[in-house]
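Peer 1: Handing you a structure now.
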Number of protein chains: 2
Amino acid sequence: MAIRLDHQEPDFEERFAALLATKREVSIDVGDAVAKIIADVRARGDAALIELSKQYDGIDLEHDGLAVTEAEIDAAMDLVDARTLDALRLAAERIEAHHSRQLPRDDFYEDALGVKLGSRWTAIEAVGLYVPGGKASYPSSVLMNAVPARVAGVERLVMTVPARAGALNPVVLAAARIAGVTEIYRIGGAQAVAALAFGTETIKPVDKIVGPGNAYVAAAKRQVFGHVGIDMIAGPSEVLVVADGGNSADWLAADLLAQAEHDEAAQSILITDDRELADAVERAVLAQLTTLSGRERAEASWRDHGAVITVGDLTAALPLINRIAAEHLELAVERPHDLLPHIRNAGAVFMGRHTPEVIGDYVGGSNHVLPTARSARFSSGLSVLDYVKRTSVLELGPDQLGALGPAAIALAEAEGLDAHARSVSIRMNMPGS
Amino acid sequence: MAIRLDHQEPDFEERFAALLATKREVSIDVGDAVAKIIADVRARGDAALIELSKQYDGIDLEHDGLAVTEAEIDAAMDLVDARTLDALRLAAERIEAHHSRQLPRDDFYEDALGVKLGSRWTAIEAVGLYVPGGKASYPSSVLMNAVPARVAGVERLVMTVPARAGALNPVVLAAARIAGVTEIYRIGGAQAVAALAFGTETIKPVDKIVGPGNAYVAAAKRQVFGHVGIDMIAGPSEVLVVADGGNSADWLAADLLAQAEHDEAAQSILITDDRELADAVERAVLAQLTTLSGRERAEASWRDHGAVITVGDLTAALPLINRIAAEHLELAVERPHDLLPHIRNAGAVFMGRHTPEVIGDYVGGSNHVLPTARSARFSSGLSVLDYVKRTSVLELGPDQLGALGPAAIALAEAEGLDAHARSVSIRMNMPGS
């Protein structure tokens with residue numbers, strides 16, 4: 001059973017703070033093992049990939065080849081039923097339409113002094129997309145990571161996915177084709193991250209690596225960071241459902257369980273101003289659990305990390321919402337627009353009773369890669385901005401240098417940087433140059 | 001002497017690749033020492049800060065107080081000469097004007113199905129700004145980090161700066177006041193980062209920490225990352241000057257040395273299509289070195305990391321420029337706008353002969369916190385975007401759920417996520433809910 005907190009109880013602050021402070025992820029230290037794998041791939045390239053893939057994935061890459069061929073992707077497309085393909089296409093179209101609005105615009109202008117300033121955006125040239133094997137190999141995540149990269153104008157979009165015992169998920173390959181992935185290699189783990197970062201004979205290196213993975217993949221991403229860019233390291237998923245009394249307990253229970261079924265470490269929290277609804281949702285969660293195929297995971301998540309919080313009224317919920325800073329926030333209330341302006345920290349907000357978070361996972365159009373573990377306080381979900389970078393541009397003529405030069409020299413002198421001062425003064429025929 | 005490369009020599013590619021691959025930073029492993037300091041500050045708060053500051057900075061915080069008072073800042077303002085204060089104010093105004101254009105706009109719209117989508121930007125609530133002590137304590141960096149935060153709407157802007165032997169740089173305090181810093185504490189090192197991330201009795205925790213620091217500070221930022229946000233970890237500074245034959249060798253030499261004087265690990269590179277100019281710049285660098293107060297540092301940087309590259313024509317320089325991906329790129333050529341469209345990777349570009357990079361360090365208006373060590377391939381300079389985060393907003397009514405629900409269910413089923421499918425189907429009165 002999830003814990004139950006009441007905002008009006010005297011021990012509330014203490015228990016709420018403890019809930020926020022709970023670490024849900026078991027961190028295992030695989031840094032040394034990962035460092036060895038990375039060094040091996042850097043030193044021996046393809047040969048290391050072949051050996052490590054035999055060892056970890058039970059696959060003979062010398063026979064199957066590192067690259068997944070177009071013919072293999074064709075075959076995968078044939079294996080996927082039309083209903084799933086249509087859904088993938090609808091999702092990709094909606095993601096593309098939404099993310100196209102995120103493309104930043106260059107900004108060039110001249111100020112009152114005649115100084116020309118500019119910001120110029122360019123796409124990252126090559127991006128690697130890590131896709132996990134097994135259960136966590138989600139086709140929807142391929143779309144969510146790849147489509148914004150294509151919208152940004154990334155030229156090489158290189159996917160890696162481990163082929164455990166030789167098998168690849170055809171829906172993942174179909175999603176990759178629909179999303180516009182340009183190369184696919186059947187490798188995984190830290191060795192895939194190393195190959196993307198440093199390149200091998202077969203795989204050209206990329207500039208940034210995105211996508212979820214297990215502890216080895218996360219450690220590898222941390223270790224290659226700096227040499228290439230990486231995206232956020234995502235933690236277990238979480239949902240905060242804020243509900244008034246006018247809700248169906250069954251609907252809310254289904255939403256809480258949709259999050260819980262991801263992972264034992266996932267977290268589902270309900271905040272409501274209606275104690276009876278709180279009771280009814282707890283009962284409905286238990287009832288729905290009995291028919292879930294992923295029952296064990298969901299049960300463990302709800303038992304260990306679930307929480308039901310009752311408040312006197314929804315205004316009292318607002319500071320709690322902002323402290324929780326949830327990855328997903330459902331505002332299942334009569335007037336969600338009254339609350340929205342007061343929400344400061346949340347990865348994504350789902351408005352009203354007919355917007356279950358799951359729509360955002362697949363076909364809403366917005367991205368499902370969102371900040372976890374309270375990091376919505378300082379970071380954002382994945383977007384086109386993660387695939388572009390900005391170059392600033394500055395242009396002065398002699399008049400502008402004359403106007404700004406003396407102040408630059410004054411600051412250079414205050415900082416004790418002679419050559420800085422000289423680089424300006426020498427252009428102004430000033431003493432000391 | 002800097003190394004000399006010629007693009008038309010047969011060994012060019014090998015030598016150029018070696019130049020790019022050279023690590024300029026000595027990485028010292030202080031992870032364990034830093035982990036201890038962080039744990040100590042978390043456990044003992046102010047008491048740990050007082051003890052560590054006595055040990056490392058030789059200052060008695062019980063006597064001086066952790067917080068720098070308004071009266072102290074008033075006194076600092078009185079100590080700074082009017083010329084420097086005016087220059088700081090001009091710089092702050094120009095930084096504010098430029099960065100105000102970077103504020104992202106919310107975007108709310110309804111698509112053809114009637115689905116409402118939105119992106120809502122909010123400021124990070126509290127940001128910590130680390131300022132180093134000693135020589136690297138640059139007032140200009142206070143402005144560059146703090147002004148964009150204020151433009152973004154950050155409410156608490158908390159600066160830490162170590163007071164070695166009790167002393168604070170009055171120009172740094174003046175810059176903090178002009179930039180709108182809201183709190184200042186006289187602490188430094190890993191203990192300052194820990195205090196900002198986790199809070200103490202006196203210092204409330206922040207959500208993100210920015211600003212440069214030594215190896216201990218960088219390690220501490222890495223270790224608290226996740227609990228709070230951090231900015232990039234900056235490496236040694238670098239400039240790439242691209243010059244045609246129409247330049248003054250003295251001007252270019254001054255620019256190369258302005259970078260070299262920062263740090264023995266700084267890097268200055270000249271690319272030119274004029275061999276005589278290349279020779280003249282090398283001579284001018286040596287001549288100007290003799291009169292620099294920071295001669296030893298600049299000499300070591302130019303000797304160990306400087307490079308002069310000659311090319312047949314400037315078109316041949318373009319791929320080299322993009323591979324170097326310099327923090328600062330000067331296009332000291334007759335027609336810089338002909339080259340700009342082909343520049344893909346650079347932190348900032350300085351156009352023409354009258355825009356020395358130093359203007360961008362101080363008073364150009366653009367930010368001087370820029371990606372180093374080839375990371376301009378995948379990252380951008382500091383901007384207002386580093387102080388805000390985006391929340392996505394999604395809103396469906398029953399009709400929109402009816403239109404999109406089936407595709408969401410199809411994808412949930414393809415991913416084997418029962419509760420995801422149910423969370424949609426239960427709202428559609430579908431079988432299985």
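Chains: A, B, ... in order of the structure tokens. Residues: from 1 per chain. Ligands: from 1, in order shown.
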Would you mind listing, as a ChimeraX atom specification, all residues of chain B that have at least one atom within 6 Å of chain A, where only C-alpha atoms are what counts?
Peer 2: /B:84,87,124,229,254-255,257-258,346-351,354-355,358,362,378-380,389-398,407-408,410,419-420,423
Peer 1: Could you find all residues in stretch 275-420 of chain A that DSSP calls strand (DSSP E or B) from the backbone, and write them as a list of chain:residue names?
Peer 2: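 Put together, the selection reads A:Ala307, A:Val308, A:Ile309, A:Thr310, A:His328, A:Leu329, A:Glu330, A:Leu331, A:Ala332, A:Ala348, A:Val349, A:Phe350, A:Met351, A:Val388, A:Lys389, A:Arg390, A:Thr391, A:Ser392, A:Val393, A:Leu394, A:Glu395.
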Peer 1: For the residues selected in the previous step, produce a file with C-alpha atoms as a short mmCIF file (atom, residue, chain, number, x, y, z; two decimals), in the first residue's frame.
Peer 2:
data_model
loop_
_atom_site.label_atom_id
_atom_site.label_comp_id
_atom_site.auth_asym_id
_atom_site.auth_seq_id
_atom_site.Cartn_x
_atom_site.Cartn_y
_atom_site.Cartn_z
CA ALA A 307 1.72 8.20 -2.01
CA VAL A 308 -1.76 9.61 -1.47
CA ILE A 309 -1.82 13.11 -0.05
CA THR A 310 -5.00 14.83 1.10
CA HIS A 328 4.43 14.26 -15.35
CA LEU A 329 1.71 16.34 -13.70
CA GLU A 330 -1.97 15.63 -14.32
CA LEU A 331 -4.36 18.40 -13.32
CA ALA A 332 -7.55 16.32 -13.20
CA ALA A 348 4.85 18.23 -18.61
CA VAL A 349 1.34 19.17 -17.51
CA PHE A 350 -1.75 17.21 -18.63
CA MET A 351 -4.85 19.37 -18.37
CA VAL A 388 21.24 22.61 -32.24
CA LYS A 389 23.83 25.01 -30.93
CA ARG A 390 24.18 28.75 -31.05
CA THR A 391 27.17 30.74 -32.28
CA SER A 392 27.29 34.38 -31.28
CA VAL A 393 28.51 36.87 -33.85
CA LEU A 394 29.98 40.29 -33.14
CA GLU A 395 31.11 42.93 -35.64
#
Peer 1: Excluding B:Ala75 and any residue of its chain fewer than 2 positions from it, enumerate the residues within 12 Å of it, using only C-alpha atoms, and give them as a PyMOL selection string.
Peer 2: chain B and resi 68-73+77-80+168-171+173-174+177
Peer 1: Let me see the file: selected residues, C-alpha atoms, as an mmCIF file, in the first residue's frame.
Peer 2:
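As written to disk, out12.cif reads:
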data_model
loop_
_atom_site.group_PDB
_atom_site.id
_atom_site.type_symbol
_atom_site.label_atom_id
_atom_site.label_comp_id
_atom_site.auth_asym_id
_atom_site.auth_seq_id
_atom_site.Cartn_x
_atom_site.Cartn_y
_atom_site.Cartn_z
ATOM 1 C CA VAL B 68 28.943 39.743 2.952
ATOM 2 C CA THR B 69 26.900 42.704 4.233
ATOM 3 C CA GLU B 70 25.403 45.561 2.237
ATOM 4 C CA ALA B 71 27.731 47.894 4.142
ATOM 5 C CA GLU B 72 30.731 45.927 2.925
ATOM 6 C CA ILE B 73 29.513 46.197 -0.647
ATOM 7 C CA MET B 77 31.928 50.488 -4.374
ATOM 8 C CA ASP B 78 33.715 53.454 -2.795
ATOM 9 C CA LEU B 79 37.091 51.769 -3.313
ATOM 10 C CA VAL B 80 36.642 51.230 -7.051
ATOM 11 C CA LEU B 168 37.644 40.199 -1.178
ATOM 12 C CA ASN B 169 38.256 41.920 -4.503
ATOM 13 C CA PRO B 170 36.239 45.172 -4.350
ATOM 14 C CA VAL B 171 35.734 45.159 -8.148
ATOM 15 C CA LEU B 173 31.737 43.017 -5.181
ATOM 16 C CA ALA B 174 30.962 46.075 -7.300
ATOM 17 C CA ARG B 177 25.925 44.730 -7.036
#
Peer 1: Using atom CA of A:Thr315 and atom CA of A:Phe16 as the two end points, give the distance in Å to one decimal.
Peer 2: 16.8 Å
Peer 1: May I ask which of the residues B:Ala39, B:Val369, B:Ile184, B:Asn429 is the closest one to B:Gly65, counting only C-alpha atoms?
Peer 2: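 Smallest separation from B:Gly65 among the options: B:Ile184.
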Peer 1: At a cut-off of 10 Å, using only C-alpha atoms, what residues contact B:Asp46? Leave out same-chain residues fewer than 3 positions from it and give the result as number ranges by chain.
Peer 2: B: 41-43, 49-52, 61-62, 66, 195, 199-203
Peer 1: With N, CA, C and O atoms retained, export the selected residues as an mmCIF file, in the first residue's frame.
Peer 2:
data_model
loop_
_atom_site.group_PDB
_atom_site.id
_atom_site.type_symbol
_atom_site.label_atom_id
_atom_site.label_comp_id
_atom_site.auth_asym_id
_atom_site.auth_seq_id
_atom_site.Cartn_x
_atom_site.Cartn_y
_atom_site.Cartn_z
ATOM 1 N N VAL B 41 29.877 19.043 4.800
ATOM 2 C CA VAL B 41 28.985 20.212 4.771
ATOM 3 C C VAL B 41 27.526 19.774 4.916
ATOM 4 O O VAL B 41 26.735 20.420 5.613
ATOM 5 N N ARG B 42 27.164 18.660 4.288
ATOM 6 C CA ARG B 42 25.783 18.156 4.433
ATOM 7 C C ARG B 42 25.497 17.796 5.882
ATOM 8 O O ARG B 42 24.386 18.010 6.379
ATOM 9 N N ALA B 43 26.486 17.209 6.554
ATOM 10 C CA ALA B 43 26.250 16.733 7.919
ATOM 11 C C ALA B 43 26.298 17.860 8.937
ATOM 12 O O ALA B 43 25.479 17.914 9.862
ATOM 13 N N LEU B 49 31.537 24.702 7.231
ATOM 14 C CA LEU B 49 32.023 25.828 6.408
ATOM 15 C C LEU B 49 33.048 26.655 7.171
ATOM 16 O O LEU B 49 34.066 27.077 6.613
ATOM 17 N N ILE B 50 32.763 26.884 8.447
ATOM 18 C CA ILE B 50 33.678 27.695 9.273
ATOM 19 C C ILE B 50 35.032 27.000 9.405
ATOM 20 O O ILE B 50 36.090 27.614 9.203
ATOM 21 N N GLU B 51 34.981 25.690 9.665
ATOM 22 C CA GLU B 51 36.231 24.951 9.848
ATOM 23 C C GLU B 51 37.028 24.876 8.545
ATOM 24 O O GLU B 51 38.241 25.101 8.532
ATOM 25 N N LEU B 52 36.344 24.558 7.441
ATOM 26 C CA LEU B 52 37.042 24.403 6.169
ATOM 27 C C LEU B 52 37.601 25.737 5.666
ATOM 28 O O LEU B 52 38.671 25.783 5.058
ATOM 29 N N LEU B 61 35.480 32.808 9.875
ATOM 30 C CA LEU B 61 34.114 33.215 9.501
ATOM 31 C C LEU B 61 33.250 33.487 10.724
ATOM 32 O O LEU B 61 32.251 34.203 10.622
ATOM 33 N N GLU B 62 33.622 32.914 11.860
ATOM 34 C CA GLU B 62 32.848 33.221 13.077
ATOM 35 C C GLU B 62 32.990 34.705 13.412
ATOM 36 O O GLU B 62 32.070 35.336 13.916
ATOM 37 N N LEU B 66 29.501 34.754 7.624
ATOM 38 C CA LEU B 66 29.433 34.074 6.337
ATOM 39 C C LEU B 66 28.989 35.031 5.240
ATOM 40 O O LEU B 66 29.550 35.082 4.148
ATOM 41 N N ALA B 195 27.496 23.782 -0.069
ATOM 42 C CA ALA B 195 26.557 24.645 0.646
ATOM 43 C C ALA B 195 25.453 25.137 -0.293
ATOM 44 O O ALA B 195 24.277 25.176 0.076
ATOM 45 N N GLY B 199 22.455 23.398 1.046
ATOM 46 C CA GLY B 199 22.042 24.357 2.053
ATOM 47 C C GLY B 199 22.699 24.097 3.398
ATOM 48 O O GLY B 199 23.201 23.013 3.661
ATOM 49 N N THR B 200 22.713 25.163 4.211
ATOM 50 C CA THR B 200 23.187 25.061 5.597
ATOM 51 C C THR B 200 22.209 25.886 6.423
ATOM 52 O O THR B 200 21.214 26.380 5.902
ATOM 53 N N GLU B 201 22.499 26.080 7.716
ATOM 54 C CA GLU B 201 21.620 26.910 8.541
ATOM 55 C C GLU B 201 21.502 28.319 7.958
ATOM 56 O O GLU B 201 20.434 28.937 7.987
ATOM 57 N N THR B 202 22.609 28.838 7.423
ATOM 58 C CA THR B 202 22.626 30.227 6.939
ATOM 59 C C THR B 202 22.255 30.342 5.463
ATOM 60 O O THR B 202 21.629 31.314 5.047
ATOM 61 N N ILE B 203 22.675 29.359 4.670
ATOM 62 C CA ILE B 203 22.524 29.447 3.214
ATOM 63 C C ILE B 203 21.407 28.515 2.749
ATOM 64 O O ILE B 203 21.480 27.311 2.967
#
Peer 1: Write out as JSON, numbers by chain the residues lying within 9 Å of A:Leu143, counting only C-alpha atoms and excluding same-chain residues fewer than 4 positions away.
Peer 2: {"A": [88, 91, 92, 95, 139, 147, 148, 175, 176, 178, 179]}
Peer 1: Please dump the current selection as a short mmCIF file (atom, residue, chain, number, x, y, z; two decimals), in the first residue's frame; keep N, CA, C and O atoms.
Peer 2:
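Below is the file that was written, out20.cif:
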data_model
loop_
_atom_site.label_atom_id
_atom_site.label_comp_id
_atom_site.auth_asym_id
_atom_site.auth_seq_id
_atom_site.Cartn_x
_atom_site.Cartn_y
_atom_site.Cartn_z
N LEU A 88 2.41 4.38 -35.37
CA LEU A 88 3.77 4.97 -35.37
C LEU A 88 3.82 6.18 -36.29
O LEU A 88 4.42 7.21 -35.95
N ALA A 91 2.00 9.10 -34.73
CA ALA A 91 2.82 9.65 -33.65
C ALA A 91 3.97 10.49 -34.22
O ALA A 91 4.21 11.62 -33.78
N ALA A 92 4.66 9.94 -35.24
CA ALA A 92 5.80 10.66 -35.82
C ALA A 92 5.36 11.99 -36.44
O ALA A 92 6.03 13.01 -36.27
N ILE A 95 4.60 14.42 -33.59
CA ILE A 95 5.85 14.86 -32.94
C ILE A 95 6.55 15.87 -33.85
O ILE A 95 7.04 16.91 -33.40
N PRO A 139 9.66 1.45 -29.03
CA PRO A 139 9.59 2.15 -30.32
C PRO A 139 9.21 3.62 -30.15
O PRO A 139 9.72 4.49 -30.87
N VAL A 147 12.90 12.01 -34.05
CA VAL A 147 12.17 13.00 -34.86
C VAL A 147 12.66 14.43 -34.59
O VAL A 147 12.92 15.19 -35.53
N PRO A 148 12.83 14.84 -33.33
CA PRO A 148 13.33 16.21 -33.10
C PRO A 148 14.72 16.43 -33.69
O PRO A 148 15.04 17.54 -34.13
N ALA A 175 10.10 1.94 -36.35
CA ALA A 175 10.10 3.30 -35.81
C ALA A 175 11.32 4.07 -36.28
O ALA A 175 11.23 5.26 -36.62
N ALA A 176 12.47 3.40 -36.34
CA ALA A 176 13.70 4.06 -36.79
C ALA A 176 13.56 4.53 -38.24
O ALA A 176 13.95 5.65 -38.58
N ILE A 178 10.72 5.16 -39.89
CA ILE A 178 9.72 6.23 -39.94
C ILE A 178 10.29 7.54 -39.42
O ILE A 178 10.00 8.62 -39.93
N ALA A 179 11.16 7.44 -38.42
CA ALA A 179 11.72 8.65 -37.80
C ALA A 179 12.87 9.24 -38.60
O ALA A 179 13.30 10.36 -38.33
#
